[in-house]
$ cat structure_1.pdb   # PDB, C-alpha atoms, pLDDT in the B column
ATOM      1  CA  MET A   7      -6.395  64.549-187.105  1.00 86.00           C
ATOM      2  CA  ASP A   8      -3.369  66.652-186.297  1.00 91.00           C
ATOM      3  CA  PHE A   9      -0.762  64.409-184.698  1.00 96.00           C
ATOM      4  CA  LYS A  10       1.328  67.070-183.008  1.00 94.00           C
ATOM      5  CA  GLY A  11       1.171  66.299-179.310  1.00 92.00           C
ATOM      6  CA  LYS A  12      -0.657  63.002-179.878  1.00 97.00           C
ATOM      7  CA  LYS A  13       0.495  59.661-178.501  1.00 98.00           C
ATOM      8  CA  VAL A  14       0.614  56.690-180.861  1.00 98.00           C
ATOM      9  CA  LEU A  15       1.192  53.145-179.599  1.00 98.00           C
ATOM     10  CA  ILE A  16       2.513  50.716-182.218  1.00 98.00           C
ATOM     11  CA  THR A  17       2.728  47.080-181.183  1.00 98.00           C
ATOM     12  CA  GLY A  18       5.549  45.151-182.785  1.00 97.00           C
ATOM     13  CA  GLY A  19       6.954  48.514-183.794  1.00 97.00           C
ATOM     14  CA  SER A  20      10.687  47.849-183.607  1.00 96.00           C
ATOM     15  CA  ARG A  21      11.386  46.669-187.172  1.00 96.00           C
ATOM     16  CA  ARG A  22      10.104  45.904-190.663  1.00 96.00           C
ATOM     17  CA  GLY A  23       6.606  47.318-191.245  1.00 97.00           C
ATOM     18  CA  GLY A  24       6.194  48.421-187.643  1.00 97.00           C
ATOM     19  CA  ALA A  25       9.320  50.573-187.806  1.00 98.00           C
ATOM     20  CA  ALA A  26       8.076  52.223-191.014  1.00 98.00           C
ATOM     21  CA  ILE A  27       4.779  53.056-189.314  1.00 98.00           C
ATOM     22  CA  ALA A  28       6.610  54.481-186.300  1.00 98.00           C
ATOM     23  CA  MET A  29       8.746  56.704-188.502  1.00 98.00           C
ATOM     24  CA  ARG A  30       5.682  57.901-190.445  1.00 98.00           C
ATOM     25  CA  PHE A  31       3.875  59.079-187.316  1.00 98.00           C
ATOM     26  CA  ALA A  32       7.011  60.581-185.753  1.00 98.00           C
ATOM     27  CA  ARG A  33       7.559  62.703-188.863  1.00 97.00           C
ATOM     28  CA  GLU A  34       4.073  64.151-188.324  1.00 97.00           C
ATOM     29  CA  GLY A  35       4.910  65.242-184.788  1.00 97.00           C
ATOM     30  CA  ALA A  36       3.439  62.356-182.803  1.00 98.00           C
ATOM     31  CA  SER A  37       5.021  60.899-179.698  1.00 98.00           C
ATOM     32  CA  VAL A  38       5.551  57.257-180.578  1.00 98.00           C
ATOM     33  CA  LEU A  39       5.389  54.378-178.115  1.00 98.00           C
ATOM     34  CA  ILE A  40       7.115  51.337-179.579  1.00 98.00           C
ATOM     35  CA  HIS A  41       6.122  47.982-178.181  1.00 98.00           C
ATOM     36  CA  ALA A  42       8.758  45.249-178.464  1.00 97.00           C
ATOM     37  CA  PHE A  43       9.421  41.907-176.848  1.00 95.00           C
ATOM     38  CA  THR A  44      12.369  40.043-178.364  1.00 92.00           C
ATOM     39  CA  HIS A  45      13.694  42.872-180.561  1.00 95.00           C
ATOM     40  CA  THR A  46      14.435  45.462-177.894  1.00 96.00           C
ATOM     41  CA  ASP A  47      17.866  46.382-179.338  1.00 96.00           C
ATOM     42  CA  GLU A  48      16.260  47.245-182.670  1.00 96.00           C
ATOM     43  CA  ALA A  49      13.606  49.251-180.835  1.00 97.00           C
ATOM     44  CA  GLN A  50      16.278  51.291-179.068  1.00 97.00           C
ATOM     45  CA  THR A  51      18.048  51.944-182.362  1.00 97.00           C
ATOM     46  CA  LEU A  52      14.794  53.073-183.929  1.00 97.00           C
ATOM     47  CA  LEU A  53      13.993  55.354-180.990  1.00 97.00           C
ATOM     48  CA  ALA A  54      17.313  57.122-181.484  1.00 96.00           C
ATOM     49  CA  ALA A  55      16.530  57.656-185.173  1.00 97.00           C
ATOM     50  CA  LEU A  56      12.981  58.984-184.797  1.00 98.00           C
ATOM     51  CA  PRO A  57      12.499  62.728-185.265  1.00 97.00           C
ATOM     52  CA  GLY A  58      10.769  64.617-182.510  1.00 96.00           C
ATOM     53  CA  LYS A  59      10.707  63.831-178.803  1.00 92.00           C
ATOM     54  CA  ASP A  60       8.980  61.910-176.023  1.00 95.00           C
ATOM     55  CA  HIS A  61       9.253  58.569-177.817  1.00 97.00           C
ATOM     56  CA  LYS A  62       9.402  55.470-175.631  1.00 97.00           C
ATOM     57  CA  MET A  63       9.839  51.701-175.744  1.00 98.00           C
ATOM     58  CA  LEU A  64       7.446  49.378-173.906  1.00 98.00           C
ATOM     59  CA  CYS A  65       7.925  45.631-173.448  1.00 97.00           C
ATOM     60  CA  ALA A  66       5.269  42.936-173.204  1.00 97.00           C
ATOM     61  CA  ASP A  67       4.926  39.272-174.136  1.00 97.00           C
ATOM     62  CA  PHE A  68       1.739  39.008-176.193  1.00 97.00           C
ATOM     63  CA  SER A  69       1.494  35.278-175.563  1.00 96.00           C
ATOM     64  CA  ARG A  70       0.570  36.113-171.961  1.00 96.00           C
ATOM     65  CA  ALA A  71      -3.002  36.895-171.002  1.00 95.00           C
ATOM     66  CA  ASP A  72      -1.927  39.971-168.990  1.00 96.00           C
ATOM     67  CA  ALA A  73       0.122  41.567-171.798  1.00 97.00           C
ATOM     68  CA  ALA A  74      -2.450  44.191-172.775  1.00 98.00           C
ATOM     69  CA  GLU A  75      -2.910  45.465-169.209  1.00 97.00           C
ATOM     70  CA  LYS A  76       0.855  45.651-168.760  1.00 96.00           C
ATOM     71  CA  LEU A  77       1.247  47.602-171.970  1.00 96.00           C
ATOM     72  CA  PHE A  78      -1.463  50.127-171.144  1.00 96.00           C
ATOM     73  CA  ALA A  79      -0.106  50.596-167.646  1.00 95.00           C
ATOM     74  CA  GLY A  80       3.165  51.782-169.155  1.00 96.00           C
ATOM     75  CA  ALA A  81       1.608  53.790-171.970  1.00 96.00           C
ATOM     76  CA  GLY A  82      -0.978  55.875-170.172  1.00 95.00           C
ATOM     77  CA  LYS A  83      -3.695  57.448-172.317  1.00 96.00           C
ATOM     78  CA  ILE A  84      -3.066  57.170-176.051  1.00 98.00           C
ATOM     79  CA  ASP A  85      -4.739  58.733-179.085  1.00 98.00           C
ATOM     80  CA  VAL A  86      -3.944  56.083-181.691  1.00 98.00           C
ATOM     81  CA  LEU A  87      -3.390  52.347-181.350  1.00 98.00           C
ATOM     82  CA  VAL A  88      -1.816  50.363-184.181  1.00 98.00           C
ATOM     83  CA  ASN A  89      -2.152  46.619-183.575  1.00 98.00           C
ATOM     84  CA  ASN A  90       0.791  45.523-185.714  1.00 98.00           C
ATOM     85  CA  ALA A  91       2.386  42.743-183.648  1.00 97.00           C
ATOM     86  CA  SER A  92       1.722  39.235-184.912  1.00 96.00           C
ATOM     87  CA  PHE A  93       2.760  35.613-184.746  1.00 95.00           C
ATOM     88  CA  PHE A  94       3.448  33.879-188.070  1.00 93.00           C
ATOM     89  CA  ARG A  95       5.076  30.626-189.091  1.00 88.00           C
ATOM     90  CA  LEU A  96       6.157  30.017-192.662  1.00 82.00           C
ATOM     91  CA  TYR A  97       5.987  26.285-191.993  1.00 79.00           C
ATOM     92  CA  PRO A  98       3.268  25.810-189.339  1.00 86.00           C
ATOM     93  CA  GLN A  99       3.229  22.608-187.319  1.00 87.00           C
ATOM     94  CA  ASN A 100      -0.529  22.719-186.640  1.00 86.00           C
ATOM     95  CA  THR A 101      -0.047  21.752-183.017  1.00 95.00           C
ATOM     96  CA  GLU A 102      -2.500  22.782-180.320  1.00 95.00           C
ATOM     97  CA  GLU A 103       0.179  24.928-178.671  1.00 95.00           C
ATOM     98  CA  GLU A 104       1.016  26.722-181.911  1.00 96.00           C
ATOM     99  CA  ASN A 105      -2.636  27.311-182.775  1.00 96.00           C
ATOM    100  CA  GLN A 106      -3.188  28.796-179.340  1.00 97.00           C
ATOM    101  CA  LEU A 107      -0.323  31.217-179.966  1.00 96.00           C
ATOM    102  CA  PHE A 108      -1.931  32.315-183.233  1.00 97.00           C
ATOM    103  CA  CYS A 109      -5.157  33.011-181.380  1.00 98.00           C
ATOM    104  CA  GLN A 110      -3.609  34.715-178.350  1.00 98.00           C
ATOM    105  CA  ILE A 111      -1.078  36.954-180.126  1.00 98.00           C
ATOM    106  CA  ASN A 112      -3.046  37.763-183.280  1.00 98.00           C
ATOM    107  CA  TYR A 113      -6.527  38.072-181.805  1.00 98.00           C
ATOM    108  CA  GLU A 114      -6.965  37.894-178.034  1.00 98.00           C
ATOM    109  CA  THR A 115      -4.284  40.427-177.074  1.00 98.00           C
ATOM    110  CA  PRO A 116      -5.266  42.955-179.795  1.00 98.00           C
ATOM    111  CA  LYS A 117      -8.893  42.532-178.711  1.00 98.00           C
ATOM    112  CA  LYS A 118      -7.977  43.304-175.103  1.00 98.00           C
ATOM    113  CA  LEU A 119      -5.974  46.345-176.225  1.00 98.00           C
ATOM    114  CA  MET A 120      -9.019  47.595-178.130  1.00 98.00           C
ATOM    115  CA  GLU A 121     -11.188  47.122-175.059  1.00 98.00           C
ATOM    116  CA  LEU A 122      -8.723  49.071-172.921  1.00 98.00           C
ATOM    117  CA  PHE A 123      -8.529  51.765-175.585  1.00 98.00           C
ATOM    118  CA  VAL A 124     -12.267  52.469-175.458  1.00 98.00           C
ATOM    119  CA  ARG A 125     -12.222  52.591-171.657  1.00 97.00           C
ATOM    120  CA  GLN A 126      -9.878  55.595-171.684  1.00 97.00           C
ATOM    121  CA  GLU A 127     -12.808  58.005-172.088  1.00 90.00           C
ATOM    122  CA  ILE A 128     -10.923  60.188-174.560  1.00 95.00           C
ATOM    123  CA  PRO A 129     -12.872  62.661-176.774  1.00 95.00           C
ATOM    124  CA  SER A 130     -11.726  60.980-179.993  1.00 97.00           C
ATOM    125  CA  GLY A 131      -9.284  58.350-181.152  1.00 98.00           C
ATOM    126  CA  CYS A 132      -8.477  55.694-183.685  1.00 98.00           C
ATOM    127  CA  VAL A 133      -7.363  52.074-183.831  1.00 98.00           C
ATOM    128  CA  VAL A 134      -5.760  50.584-186.936  1.00 99.00           C
ATOM    129  CA  ASN A 135      -5.483  46.800-186.916  1.00 98.00           C
ATOM    130  CA  ILE A 136      -3.030  45.037-189.203  1.00 98.00           C
ATOM    131  CA  LEU A 137      -4.487  41.957-190.859  1.00 98.00           C
ATOM    132  CA  ASP A 138      -3.242  40.004-193.889  1.00 97.00           C
ATOM    133  CA  ALA A 139      -4.427  39.710-197.488  1.00 96.00           C
ATOM    134  CA  ALA A 140      -4.897  36.017-196.657  1.00 96.00           C
ATOM    135  CA  ILE A 141      -8.265  36.949-195.121  1.00 97.00           C
ATOM    136  CA  TRP A 142      -9.616  36.994-198.697  1.00 96.00           C
ATOM    137  CA  SER A 143      -7.962  33.706-199.657  1.00 95.00           C
ATOM    138  CA  ASN A 144      -9.246  30.128-199.606  1.00 94.00           C
ATOM    139  CA  ARG A 145      -7.104  29.307-196.580  1.00 93.00           C
ATOM    140  CA  HIS A 146      -8.616  27.999-193.353  1.00 92.00           C
ATOM    141  CA  ASP A 147      -5.538  27.553-191.146  1.00 95.00           C
ATOM    142  CA  ALA A 148      -5.234  28.905-187.598  1.00 97.00           C
ATOM    143  CA  TYR A 149      -3.144  31.896-188.638  1.00 97.00           C
ATOM    144  CA  THR A 150      -5.629  33.033-191.277  1.00 97.00           C
ATOM    145  CA  LYS A 151      -8.542  32.478-188.904  1.00 98.00           C
ATOM    146  CA  SER A 152      -6.917  34.726-186.303  1.00 98.00           C
ATOM    147  CA  ARG A 153      -6.589  37.461-188.919  1.00 98.00           C
ATOM    148  CA  ARG A 154     -10.162  37.084-190.158  1.00 98.00           C
ATOM    149  CA  ASP A 155     -11.472  37.169-186.597  1.00 98.00           C
ATOM    150  CA  LEU A 156      -9.613  40.418-185.921  1.00 98.00           C
ATOM    151  CA  GLY A 157     -11.048  41.843-189.139  1.00 98.00           C
ATOM    152  CA  ASP A 158     -14.576  40.967-188.031  1.00 98.00           C
ATOM    153  CA  LEU A 159     -13.879  42.503-184.625  1.00 98.00           C
ATOM    154  CA  THR A 160     -12.674  45.700-186.299  1.00 98.00           C
ATOM    155  CA  LEU A 161     -16.022  46.129-188.055  1.00 98.00           C
ATOM    156  CA  ASP A 162     -17.944  45.298-184.880  1.00 98.00           C
ATOM    157  CA  PHE A 163     -16.070  47.901-182.823  1.00 98.00           C
ATOM    158  CA  ALA A 164     -16.387  50.504-185.592  1.00 98.00           C
ATOM    159  CA  LEU A 165     -20.162  50.331-185.453  1.00 98.00           C
ATOM    160  CA  ARG A 166     -20.396  49.922-181.698  1.00 98.00           C
ATOM    161  CA  TYR A 167     -18.219  52.920-180.800  1.00 98.00           C
ATOM    162  CA  ALA A 168     -18.883  55.383-183.625  1.00 98.00           C
ATOM    163  CA  ALA A 169     -21.191  57.383-181.359  1.00 97.00           C
ATOM    164  CA  HIS A 170     -18.218  57.823-178.993  1.00 97.00           C
ATOM    165  CA  ASN A 171     -16.118  59.327-181.821  1.00 98.00           C
ATOM    166  CA  LEU A 172     -13.782  56.338-181.752  1.00 98.00           C
ATOM    167  CA  ARG A 173     -12.807  54.883-185.124  1.00 98.00           C
ATOM    168  CA  PHE A 174     -11.666  51.355-185.975  1.00 99.00           C
ATOM    169  CA  ASN A 175     -10.075  50.455-189.302  1.00 99.00           C
ATOM    170  CA  ALA A 176      -7.641  47.889-190.661  1.00 98.00           C
ATOM    171  CA  VAL A 177      -4.955  47.416-193.290  1.00 98.00           C
ATOM    172  CA  ALA A 178      -4.551  44.041-194.992  1.00 98.00           C
ATOM    173  CA  PRO A 179      -1.080  43.904-196.564  1.00 98.00           C
ATOM    174  CA  GLY A 180      -0.090  41.404-199.209  1.00 96.00           C
ATOM    175  CA  PRO A 181       3.465  40.283-200.038  1.00 95.00           C
ATOM    176  CA  MET A 182       5.769  43.092-198.959  1.00 95.00           C
ATOM    177  CA  LEU A 183       8.948  41.783-197.339  1.00 90.00           C
ATOM    178  CA  PRO A 184      10.464  38.284-197.488  1.00 85.00           C
ATOM    179  CA  PRO A 185       9.623  36.098-194.473  1.00 79.00           C
ATOM    180  CA  VAL A 186      12.235  36.311-191.740  1.00 79.00           C
ATOM    181  CA  GLU A 187      12.962  32.616-192.304  1.00 75.00           C
ATOM    182  CA  LEU A 188      13.917  33.371-195.938  1.00 77.00           C
ATOM    183  CA  PRO A 189      15.650  36.761-195.875  1.00 80.00           C
ATOM    184  CA  ASP A 190      17.104  36.354-199.389  1.00 79.00           C
ATOM    185  CA  SER A 191      13.856  35.271-201.023  1.00 84.00           C
ATOM    186  CA  LYS A 192      12.630  37.164-204.090  1.00 80.00           C
ATOM    187  CA  MET A 193       9.096  35.880-203.411  1.00 90.00           C
ATOM    188  CA  GLU A 194       8.746  34.776-207.049  1.00 89.00           C
ATOM    189  CA  LYS A 195       6.144  32.110-206.329  1.00 89.00           C
ATOM    190  CA  VAL A 196       3.836  34.195-204.157  1.00 90.00           C
ATOM    191  CA  LEU A 197       4.053  37.191-206.493  1.00 94.00           C
ATOM    192  CA  GLN A 198       2.445  35.082-209.212  1.00 93.00           C
ATOM    193  CA  SER A 199      -0.844  35.596-207.347  1.00 91.00           C
ATOM    194  CA  VAL A 200      -0.414  39.388-207.280  1.00 96.00           C
ATOM    195  CA  PRO A 201      -1.974  41.179-210.287  1.00 97.00           C
ATOM    196  CA  LEU A 202       0.627  43.980-210.159  1.00 97.00           C
ATOM    197  CA  ARG A 203       3.373  41.305-210.079  1.00 96.00           C
ATOM    198  CA  ARG A 204       5.405  43.177-207.486  1.00 96.00           C
ATOM    199  CA  PRO A 205       5.546  43.405-203.703  1.00 96.00           C
ATOM    200  CA  ALA A 206       3.772  46.146-201.830  1.00 96.00           C
ATOM    201  CA  GLU A 207       6.017  49.076-201.012  1.00 97.00           C
ATOM    202  CA  ILE A 208       6.696  49.402-197.312  1.00 97.00           C
ATOM    203  CA  ALA A 209       6.245  53.180-197.570  1.00 97.00           C
ATOM    204  CA  ASP A 210       2.793  52.658-199.109  1.00 98.00           C
ATOM    205  CA  TYR A 211       1.916  50.349-196.237  1.00 98.00           C
ATOM    206  CA  ALA A 212       2.915  52.960-193.661  1.00 98.00           C
ATOM    207  CA  ASP A 213       1.033  55.646-195.610  1.00 98.00           C
ATOM    208  CA  ALA A 214      -2.120  53.486-195.609  1.00 98.00           C
ATOM    209  CA  VAL A 215      -1.996  53.097-191.832  1.00 98.00           C
ATOM    210  CA  PHE A 216      -1.400  56.822-191.430  1.00 98.00           C
ATOM    211  CA  PHE A 217      -4.294  57.682-193.769  1.00 98.00           C
ATOM    212  CA  LEU A 218      -6.769  55.580-191.801  1.00 98.00           C
ATOM    213  CA  ALA A 219      -5.630  57.192-188.559  1.00 98.00           C
ATOM    214  CA  GLN A 220      -5.723  60.703-189.993  1.00 97.00           C
ATOM    215  CA  CYS A 221      -8.974  60.693-191.984  1.00 98.00           C
ATOM    216  CA  GLU A 222     -11.688  61.338-189.438  1.00 97.00           C
ATOM    217  CA  SER A 223     -14.510  60.393-191.843  1.00 98.00           C
ATOM    218  CA  VAL A 224     -13.374  56.790-192.192  1.00 98.00           C
ATOM    219  CA  THR A 225     -14.347  53.979-189.852  1.00 98.00           C
ATOM    220  CA  GLY A 226     -15.088  50.305-190.453  1.00 98.00           C
ATOM    221  CA  ALA A 227     -12.731  50.126-193.458  1.00 98.00           C
ATOM    222  CA  ILE A 228     -10.385  47.263-194.325  1.00 98.00           C
ATOM    223  CA  LEU A 229      -7.878  48.640-196.806  1.00 98.00           C
ATOM    224  CA  PRO A 230      -5.944  46.117-198.925  1.00 98.00           C
ATOM    225  CA  VAL A 231      -2.345  47.079-199.670  1.00 98.00           C
ATOM    226  CA  ASP A 232      -1.560  43.996-201.709  1.00 97.00           C
ATOM    227  CA  GLY A 233      -1.075  44.859-205.373  1.00 97.00           C
ATOM    228  CA  GLY A 234      -4.584  43.581-206.101  1.00 97.00           C
ATOM    229  CA  GLN A 235      -4.068  40.137-204.573  1.00 97.00           C
ATOM    230  CA  HIS A 236      -7.498  40.277-202.900  1.00 96.00           C
ATOM    231  CA  LEU A 237      -9.092  40.368-206.373  1.00 96.00           C
ATOM    232  CA  VAL A 238      -8.023  36.829-207.262  1.00 95.00           C
ATOM    233  CA  LYS A 239      -8.317  33.373-205.731  1.00 85.00           C
ATOM    234  CA  PHE A 240      -5.167  32.266-203.978  1.00 88.00           C
TER     235      PHE A 240
END

$ encode --input "structure_1.pdb" --output "C-alpha cells"
Amino acid sequence: MDFKGKKVLITGGSRRGGAAIAMRFAREGASVLIHAFTHTDEAQTLLAALPGKDHKMLCADFSRADAAEKLFAGAGKIDVLVNNASFFRLYPQNTEEENQLFCQINYETPKKLMELFVRQEIPSGCVVNILDAAIWSNRHDAYTKSRRDLGDLTLDFALRYAAHNLRFNAVAPGPMLPPVELPDSKMEKVLQSVPLRRPAEIADYADAVFFLAQCESVTGAILPVDGGQHLVKF
C-alpha cells in the first residue's frame, strides 16, 4: 500500500508508542489523525512536528459507549485504523468499575471502531490492533482478558472480511517503555522474562505496525515485538 494521500487514524496517538506510529506513517506521506483524550497538549505538539500536511487531532473518551461514533464522525472515511489506545493499571484494584474500564476501553470501543471501519465501503483498507505480549502469559486478569479478546476478534474479522479486501492484523508488544507510574524504572525484573534481555525498541514497534498496514498479503497475523517473551512462560 502506498500511503501518499491515505488517511490513518491512530487512537491514543499523542505520545509514547502512539506518537512513534504517527511519525512513521507521516514520513510515508499519510495524513494522520491523532486521537487523544487527556493528552491533548502533547497531541498538538506532535501535530506541529509531523512532516507533511492535513494532520488532525480528534478527541473522544473511550470509556463512553458513544466514543467510536464520535471519533468516526470527525474522521470521515479512513484507509488505516490503528487501535492503540488502552487502559492499564500497574497496580490493579480488581474492582467491578475498573474491570469494566478494561473491557470498554481495550475491547468494546476498538470493536465498535472496527465495525464502523468495515461499514465505510472502501475498496481496500487495513486495521492494526495493539495487544500485549501478556496474551501468551499465564495471566487471567481483566486487563489480559481484554487484550486476548481483541486478539481473537482480530482473527475473526480477518477471515470474515478478507473477501472485501479488508485486512485485520495485530502487534503484541512486550516490555518497551517504563510504566507511566514508574518513569525512572529500568524494568530489570520484567526483562528477566525476555530472552533477548532488553526492551523492545520503540522504532521497531512502529515499523511492525507499518509493515502490517503496508503488506497487502498479510491478514490475520499477530506479530510479537517482545524480544522473544512469548516463547517462555511468564

$ resolve_selection --input "structure_1.pdb" --expression "the PyMOL selection byres ((chain A and resi 43) around 9)" --output "count of residues only"
11

$ closest_residue --input "structure_1.pdb" --among "A:Ala219, A:Val196, A:Ala32, A:Ala212" --to "A:Leu87" --atoms "all atoms listed in the file"
A:Ala219

$ closest_residue --input "structure_1.pdb" --among "A:Glu104, A:Leu122, A:Ala176, A:Thr160" --to "A:Lys76" --atoms "only C-alpha atoms"
A:Leu122

$ atom_distance --input "structure_1.pdb" --atom1 "atom CA of A:Asn90" --atom2 "atom CA of A:Asn135"
6.5 Å

$ closest_residue --input "structure_1.pdb" --among "A:Glu34, A:Asp155, A:Asp60, A:Asp138" --to "A:Asp213" --atoms "only C-alpha atoms"
A:Glu34

$ closest_residue --input "structure_1.pdb" --among "A:Gln106, A:Pro179, A:His146, A:Ser92" --to "A:Ala209" --atoms "only C-alpha atoms"
A:Pro179

$ closest_residue --input "structure_1.pdb" --among "A:Ala55, A:Val215, A:Leu188, A:Val238" --to "A:Phe31" --atoms "all atoms listed in the file"
A:Val215

$ closest_atom_pairs --input "structure_1.pdb" --of "stretch 96-140 of chain A" --to "stretch 220-237 of chain A" --cutoff "12 Å" --atoms "all atoms listed in the file" --output "CSV"
residue,atom,partner,partner_atom,distance
A:Ser130,CA,A:Glu222,CA,9.5
A:Gly131,CA,A:Glu222,CA,9.1
A:Cys132,CA,A:Gln220,CA,8.5
A:Val133,CA,A:Thr225,CA,9.4
A:Val134,CA,A:Ile228,CA,9.3
A:Asn135,CA,A:Ile228,CA,8.9
A:Ile136,CA,A:Ile228,CA,9.2
A:Leu137,CA,A:Ile228,CA,8.7
A:Asp138,CA,A:Pro230,CA,8.4
A:Ala139,CA,A:His236,CA,6.2
A:Ala140,CA,A:His236,CA,8.0

$ residues_around --input "structure_1.pdb" --residues "A:Leu172" --least-positions-apart "2" --cutoff "10 Å" --atoms "only C-alpha atoms" --output "MDAnalysis selection string"
chainID A and resid 85:86 123:124 127:133 163:170 174 222 225

$ residues_near_point --input "structure_1.pdb" --point "(3.0, 46.5, -198.6)" --cutoff "7 Å" --atoms "all atoms listed in the file" --output "ChimeraX atom specification"
/A:179-182,205-208,210-211,231-232

$ residues_around --input "structure_1.pdb" --residues "A:Leu53" --least-positions-apart "3" --cutoff "12 Å" --atoms "all atoms listed in the file" --output "list of chain:residue names"
A:Gly19, A:Ser20, A:Arg21, A:Ala25, A:Ala28, A:Met29, A:Ala32, A:Ser37, A:Val38, A:Leu39, A:Ile40, A:His41, A:Ala42, A:Thr46, A:Asp47, A:Glu48, A:Ala49, A:Gln50, A:Leu56, A:Pro57, A:Gly58, A:Lys59, A:Asp60, A:His61, A:Lys62, A:Met63, A:Leu64

$ atom_distance --input "structure_1.pdb" --atom1 "atom CA of A:Glu102" --atom2 "atom CA of A:Thr150"
15.3 Å

$ atom_distance --input "structure_1.pdb" --atom1 "atom CA of A:Arg173" --atom2 "atom CA of A:Leu218"
9.0 Å

$ residues_near_point --input "structure_1.pdb" --point "(-12.5, 41.3, -181.3)" --cutoff "10 Å" --atoms "all atoms listed in the file" --output "PyMOL selection string"
chain A and resi 113-121+152+155-163

$ closest_residue --input "structure_1.pdb" --among "A:Ala91, A:Phe9, A:Asn100, A:Phe216" --to "A:Arg30" --atoms "only C-alpha atoms"
A:Phe216

$ build_atoms --input "structure_1.pdb" --residues "stretch 179-185 of chain A" --atoms "all heavy atoms" --output "mmCIF file, in the coordinates of the input"
data_model
loop_
_atom_site.group_PDB
_atom_site.id
_atom_site.type_symbol
_atom_site.label_atom_id
_atom_site.label_comp_id
_atom_site.auth_asym_id
_atom_site.auth_seq_id
_atom_site.Cartn_x
_atom_site.Cartn_y
_atom_site.Cartn_z
ATOM 1 N N PRO A 179 -2.184 43.909 -195.608
ATOM 2 C CA PRO A 179 -1.080 43.904 -196.564
ATOM 3 C C PRO A 179 -0.904 42.551 -197.244
ATOM 4 O O PRO A 179 -1.170 41.499 -196.653
ATOM 5 C CB PRO A 179 0.130 44.239 -195.695
ATOM 6 C CG PRO A 179 -0.239 43.717 -194.340
ATOM 7 C CD PRO A 179 -1.727 43.900 -194.219
ATOM 8 N N GLY A 180 -0.463 42.606 -198.483
ATOM 9 C CA GLY A 180 -0.090 41.404 -199.209
ATOM 10 C C GLY A 180 1.416 41.214 -199.122
ATOM 11 O O GLY A 180 2.074 41.744 -198.206
ATOM 12 N N PRO A 181 2.017 40.484 -200.056
ATOM 13 C CA PRO A 181 3.465 40.283 -200.038
ATOM 14 C C PRO A 181 4.196 41.623 -200.053
ATOM 15 O O PRO A 181 3.952 42.460 -200.917
ATOM 16 C CB PRO A 181 3.719 39.499 -201.331
ATOM 17 C CG PRO A 181 2.419 38.833 -201.632
ATOM 18 C CD PRO A 181 1.363 39.777 -201.161
ATOM 19 N N MET A 182 5.075 41.810 -199.084
ATOM 20 C CA MET A 182 5.769 43.092 -198.959
ATOM 21 C C MET A 182 7.255 42.890 -198.713
ATOM 22 O O MET A 182 8.105 43.403 -199.428
ATOM 23 C CB MET A 182 5.144 43.912 -197.836
ATOM 24 C CG MET A 182 5.717 45.297 -197.648
ATOM 25 S SD MET A 182 4.712 46.315 -196.529
ATOM 26 C CE MET A 182 4.725 45.328 -195.021
ATOM 27 N N LEU A 183 7.569 42.110 -197.679
ATOM 28 C CA LEU A 183 8.948 41.783 -197.339
ATOM 29 C C LEU A 183 9.098 40.272 -197.265
ATOM 30 O O LEU A 183 8.155 39.575 -196.888
ATOM 31 C CB LEU A 183 9.325 42.398 -195.993
ATOM 32 C CG LEU A 183 9.337 43.933 -195.922
ATOM 33 C CD1 LEU A 183 9.457 44.380 -194.471
ATOM 34 C CD2 LEU A 183 10.475 44.498 -196.750
ATOM 35 N N PRO A 184 10.268 39.732 -197.607
ATOM 36 C CA PRO A 184 10.464 38.284 -197.488
ATOM 37 C C PRO A 184 10.258 37.830 -196.049
ATOM 38 O O PRO A 184 10.540 38.579 -195.103
ATOM 39 C CB PRO A 184 11.920 38.076 -197.925
ATOM 40 C CG PRO A 184 12.268 39.287 -198.714
ATOM 41 C CD PRO A 184 11.475 40.415 -198.120
ATOM 42 N N PRO A 185 9.746 36.616 -195.838
ATOM 43 C CA PRO A 185 9.623 36.098 -194.473
ATOM 44 C C PRO A 185 10.983 36.088 -193.782
ATOM 45 O O PRO A 185 12.024 35.931 -194.434
ATOM 46 C CB PRO A 185 9.099 34.670 -194.683
ATOM 47 C CG PRO A 185 8.504 34.669 -196.050
ATOM 48 C CD PRO A 185 9.297 35.658 -196.851
#
